[in-house]
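Engineer: Before I ask anything, let me first share the structure, which is written out below as structure tokens.
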Amino acid sequence: MSYTKRVDGRAFDELRPMSVKVGVLENALGSCLFQMGKTKVLAGVYGPRQLYPRFLRNPEKGTVRCFYNMYSFSVSDRKRPGPGRREKELSEKIAQALEPAVMLEKFPDAVVDVFVEIIQADAGTRCASICAASTALADAGMPMKDIVSSVAMGKIGDKICADIDKYEEDYEGGATDIPIAFMPRTGEITLLQLDGEISPEDLKKAISVGREKVKEIYEKQKEALTAKYKGDKQ
Ligand code: UDP
């Protein structure tokens, strides 16, 4: 089915309005409040600290561990509290998307804990979590090769769209979601998932649009970090 106009009037490759703030949690070593449209995520970083149980330790490199959680009030139909299968899988995927950017060899045997709380959800929460978490890791002063920036790409009807929202994810004319994360400096992909059907050509197009669009997110992440360390009011 032809998807002629996005419901919120955006261009097909346009991101939702975005806001990034760091240093929002006093107890955490690093933190970030990241908002993309109505999707709002808070990330807090603790560590590196000793990893328990001991058998999980890696003497050659550190571990990034993620805890993803959605508040009950983050969606209109009350999310059941506590981690289910979805939350466990997302926590693993988010950690895997962050690990290539962190210099894990600098903290063998240790773990860096990244907590992400979804305050409000309108699709794309895993991508927003990756953006929030990687900015919080940088805010914590973690040795990193790059920040990770992520966007929920999609094929909605016949159109490749950037930063799809819940309406688009549920679009009856056919919706394929493609969450994707990059280290923008090198363009290296750290997460690529696909739910639905898409041709190889369209997938390549979605990846290349995503690779360009995350540069806008990357700039906002860097701006937030620079603003904090320059002492600007955020
Ligand atoms: N969602 C919901 N209830 C849930 C889980 C998800 O309403 O228990 C909504 C929420 O808006 C979320 C969207 O469905 O952002 C898509 O969820 P998905 O599992 O595809 O992950 P996401 O796109 O958030 O990374």
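Going by the structure tokens order, chains are called A, B, ..., each with residues numbered from 1, while ligands are numbered from 1 in the order shown.
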Taking 6 positions as the minimum chain separation for residues in the same chain, which residues sit within 10 Å of Lys145 in chain A when counting only C-alpha atoms? Answer as a list in words.
Structural biologist: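 Final neighbour list, sorted by chain and number: Pro100, Ala101, Val102, Met103, Met183, Arg185 and Thr186 of chain A.
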Engineer: Step by step, measure atom-to-atom distances between ligand 1 and each residue using only C-alpha atoms and all ligand atoms, keep those at most 9 Å, then write them as a PDB file with C-alpha atoms, in the first residue's frame.
Structural biologist:
```
ATOM      1  CA  THR A  39       9.852   8.575  23.499  1.00  0.00           C
ATOM      2  CA  MET A  70       9.629   0.403  31.043  1.00  0.00           C
ATOM      3  CA  SER A  72       4.029   1.156  33.929  1.00  0.00           C
ATOM      4  CA  SER A  74       5.100   4.859  29.896  1.00  0.00           C
ATOM      5  CA  VAL A  75       2.327   3.573  27.623  1.00  0.00           C
ATOM      6  CA  SER A  76      -1.405   4.270  27.728  1.00  0.00           C
ATOM      7  CA  ASP A  77      -2.491   0.686  28.458  1.00  0.00           C
ATOM      8  CA  ARG A  78      -0.267   0.189  31.591  1.00  0.00           C
ATOM      9  CA  LYS A  79       2.836  -1.872  31.067  1.00  0.00           C
ATOM     10  CA  ARG A  80       2.999  -4.803  33.497  1.00  0.00           C
ATOM     11  CA  ARG A  86      11.180  -8.597  25.889  1.00  0.00           C
ATOM     12  CA  GLU A  87      13.037  -6.544  28.511  1.00  0.00           C
ATOM     13  CA  LEU A  90      16.409  -5.691  24.812  1.00  0.00           C
ATOM     14  CA  ILE A 118      11.663   4.212  29.687  1.00  0.00           C
ATOM     15  CA  GLN A 120       7.412   7.435  28.040  1.00  0.00           C
ATOM     16  CA  ALA A 121       7.202   5.225  24.944  1.00  0.00           C
ATOM     17  CA  ASP A 122       6.117   5.985  21.403  1.00  0.00           C
ATOM     18  CA  ALA A 123       8.208   3.313  19.607  1.00  0.00           C
ATOM     19  CA  GLY A 124      11.960   3.310  19.123  1.00  0.00           C
ATOM     20  CA  THR A 125      12.723   2.795  22.814  1.00  0.00           C
ATOM     21  CA  ARG A 126      15.691   0.477  22.172  1.00  0.00           C
ATOM     22  CA  CYS A 127      17.272   3.070  19.866  1.00  0.00           C
ATOM     23  CA  ALA A 128      16.624   5.905  22.318  1.00  0.00           C
ATOM     24  CA  SER A 129      18.081   3.692  25.079  1.00  0.00           C
ATOM     25  CA  ALA A 152      14.499   3.247  14.328  1.00  0.00           C
ATOM     26  CA  ILE A 164       9.223   5.621  13.083  1.00  0.00           C
ATOM     27  CA  ASP A 165       6.648   6.192  15.805  1.00  0.00           C
ATOM     28  CA  LYS A 166       4.074   3.782  17.251  1.00  0.00           C
ATOM     29  CA  GLU A 169       5.015   0.664  13.606  1.00  0.00           C
ATOM     30  CA  ASP A 170       1.380  -0.520  13.691  1.00  0.00           C
ATOM     31  CA  ASP A 177      10.967  -1.997  11.623  1.00  0.00           C
ATOM     32  CA  PRO A 179      16.378  -0.538  14.524  1.00  0.00           C
ATOM     33  CA  ASP A 195      11.091  -7.305  12.071  1.00  0.00           C
TER      34      ASP A 195
END
```
Engineer: Which residues are close to Phe115 in chain A, i.e. within 10 Å by only C-alpha atoms, leaving aside same-chain residues fewer than 5 positions away? Reply as a ChimeraX atom specification.
Structural biologist: /A:28,31,42-46,65-69,91,129,132-133,136
Engineer: Let's have the selection written as a PDB file, in the first residue's frame, with N, CA and C atoms.
Structural biologist:
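Result saved to out.pdb:
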```pdb
ATOM      1  N   ALA A  28      24.715   8.882  39.998  1.00  0.00           N
ATOM      2  CA  ALA A  28      25.350   8.083  38.940  1.00  0.00           C
ATOM      3  C   ALA A  28      26.643   8.746  38.488  1.00  0.00           C
ATOM      4  N   SER A  31      25.082  10.161  33.363  1.00  0.00           N
ATOM      5  CA  SER A  31      23.641  10.004  33.140  1.00  0.00           C
ATOM      6  C   SER A  31      23.199  10.833  31.949  1.00  0.00           C
ATOM      7  N   LEU A  42      15.681   7.670  30.368  1.00  0.00           N
ATOM      8  CA  LEU A  42      16.673   8.125  31.332  1.00  0.00           C
ATOM      9  C   LEU A  42      17.707   7.015  31.517  1.00  0.00           C
ATOM     10  N   ALA A  43      18.990   7.361  31.388  1.00  0.00           N
ATOM     11  CA  ALA A  43      20.047   6.350  31.553  1.00  0.00           C
ATOM     12  C   ALA A  43      21.000   6.768  32.655  1.00  0.00           C
ATOM     13  N   GLY A  44      21.414   5.799  33.471  1.00  0.00           N
ATOM     14  CA  GLY A  44      22.399   6.035  34.528  1.00  0.00           C
ATOM     15  C   GLY A  44      23.491   4.983  34.452  1.00  0.00           C
ATOM     16  N   VAL A  45      24.751   5.422  34.615  1.00  0.00           N
ATOM     17  CA  VAL A  45      25.906   4.513  34.506  1.00  0.00           C
ATOM     18  C   VAL A  45      26.625   4.429  35.846  1.00  0.00           C
ATOM     19  N   TYR A  46      26.938   3.207  36.273  1.00  0.00           N
ATOM     20  CA  TYR A  46      27.692   2.959  37.505  1.00  0.00           C
ATOM     21  C   TYR A  46      28.853   2.026  37.188  1.00  0.00           C
ATOM     22  N   ARG A  65      26.953  -4.217  31.103  1.00  0.00           N
ATOM     23  CA  ARG A  65      25.697  -4.902  31.431  1.00  0.00           C
ATOM     24  C   ARG A  65      24.591  -3.858  31.411  1.00  0.00           C
ATOM     25  N   CYS A  66      23.465  -4.217  30.806  1.00  0.00           N
ATOM     26  CA  CYS A  66      22.380  -3.246  30.697  1.00  0.00           C
ATOM     27  C   CYS A  66      21.097  -3.777  31.354  1.00  0.00           C
ATOM     28  N   PHE A  67      20.387  -2.878  31.986  1.00  0.00           N
ATOM     29  CA  PHE A  67      19.087  -3.206  32.582  1.00  0.00           C
ATOM     30  C   PHE A  67      18.059  -2.253  31.986  1.00  0.00           C
ATOM     31  N   TYR A  68      17.236  -2.776  31.078  1.00  0.00           N
ATOM     32  CA  TYR A  68      16.213  -1.964  30.398  1.00  0.00           C
ATOM     33  C   TYR A  68      14.887  -2.169  31.116  1.00  0.00           C
ATOM     34  N   ASN A  69      14.209  -1.094  31.412  1.00  0.00           N
ATOM     35  CA  ASN A  69      12.910  -1.218  32.095  1.00  0.00           C
ATOM     36  C   ASN A  69      11.936  -0.168  31.585  1.00  0.00           C
ATOM     37  N   SER A  91      17.694  -5.676  26.885  1.00  0.00           N
ATOM     38  CA  SER A  91      18.863  -5.355  27.709  1.00  0.00           C
ATOM     39  C   SER A  91      20.127  -5.929  27.066  1.00  0.00           C
ATOM     40  N   SER A 129      17.296   4.205  23.944  1.00  0.00           N
ATOM     41  CA  SER A 129      18.081   3.692  25.079  1.00  0.00           C
ATOM     42  C   SER A 129      19.563   3.646  24.731  1.00  0.00           C
ATOM     43  N   ALA A 132      20.826   7.220  24.763  1.00  0.00           N
ATOM     44  CA  ALA A 132      20.932   7.716  26.145  1.00  0.00           C
ATOM     45  C   ALA A 132      22.099   7.047  26.854  1.00  0.00           C
ATOM     46  N   ALA A 133      22.200   5.729  26.710  1.00  0.00           N
ATOM     47  CA  ALA A 133      23.239   4.976  27.427  1.00  0.00           C
ATOM     48  C   ALA A 133      24.630   5.358  26.944  1.00  0.00           C
ATOM     49  N   ALA A 136      25.485   8.686  28.310  1.00  0.00           N
ATOM     50  CA  ALA A 136      25.743   8.575  29.758  1.00  0.00           C
ATOM     51  C   ALA A 136      27.123   7.952  30.007  1.00  0.00           C
TER      52      ALA A 136
END
```
Engineer: Can you tell me which residues surround range 206-211 of chain A at a distance of at most 12 Å, considering only C-alpha atoms, apart from same-chain residues fewer than 4 positions away, and format the answer as a VMD selection string?
Structural biologist: chain A and resid 12 to 15 127 148 to 156 159 to 164 176 to 194 198 to 202 215 to 218
Engineer: Can you tell me, as a VMD selection string, what residues are no more than 12 Å from range 21-27 of chain A when counting only C-alpha atoms, ignoring any on the same chain fewer than 4 positions away?
Structural biologist: chain A and resid 31 to 35 40 to 47 115 131 to 141 220 to 229 231 to 234
Engineer: Give me every helix (DSSP H, G or I) residue in range 39-217 of chain A, going by DSSP on the backbone, as a ChimeraX atom specification.
Structural biologist: /A:54-56,72-74,85-101,104-106,125-139,166-169,200-217
Engineer: Would you compute the distance between CA of Lys5 in chain A and CA of Ile119 in chain A? Give it in Å to one decimal.
Structural biologist: 28.5 Å
Engineer: Can you measure CA of Ile147 in chain A to CA of Arg10 in chain A for me? One decimal in Å is fine.
Structural biologist: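 CA of Arg10 in chain A lies at a distance of 26.4 Å from CA of Ile147 in chain A.
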Engineer: Excluding same-chain residues fewer than 5 positions from Pro59 in chain A, what lies within 12 Å of it counting only C-alpha atoms, as a list of chain:residue names?
Structural biologist: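 The residues that qualify are A:Gln50, A:Leu51, A:Arg54, A:Leu104, A:Glu105, A:Lys106, A:Phe107, A:Pro108, A:Asp109, A:Ala110, A:Val111.
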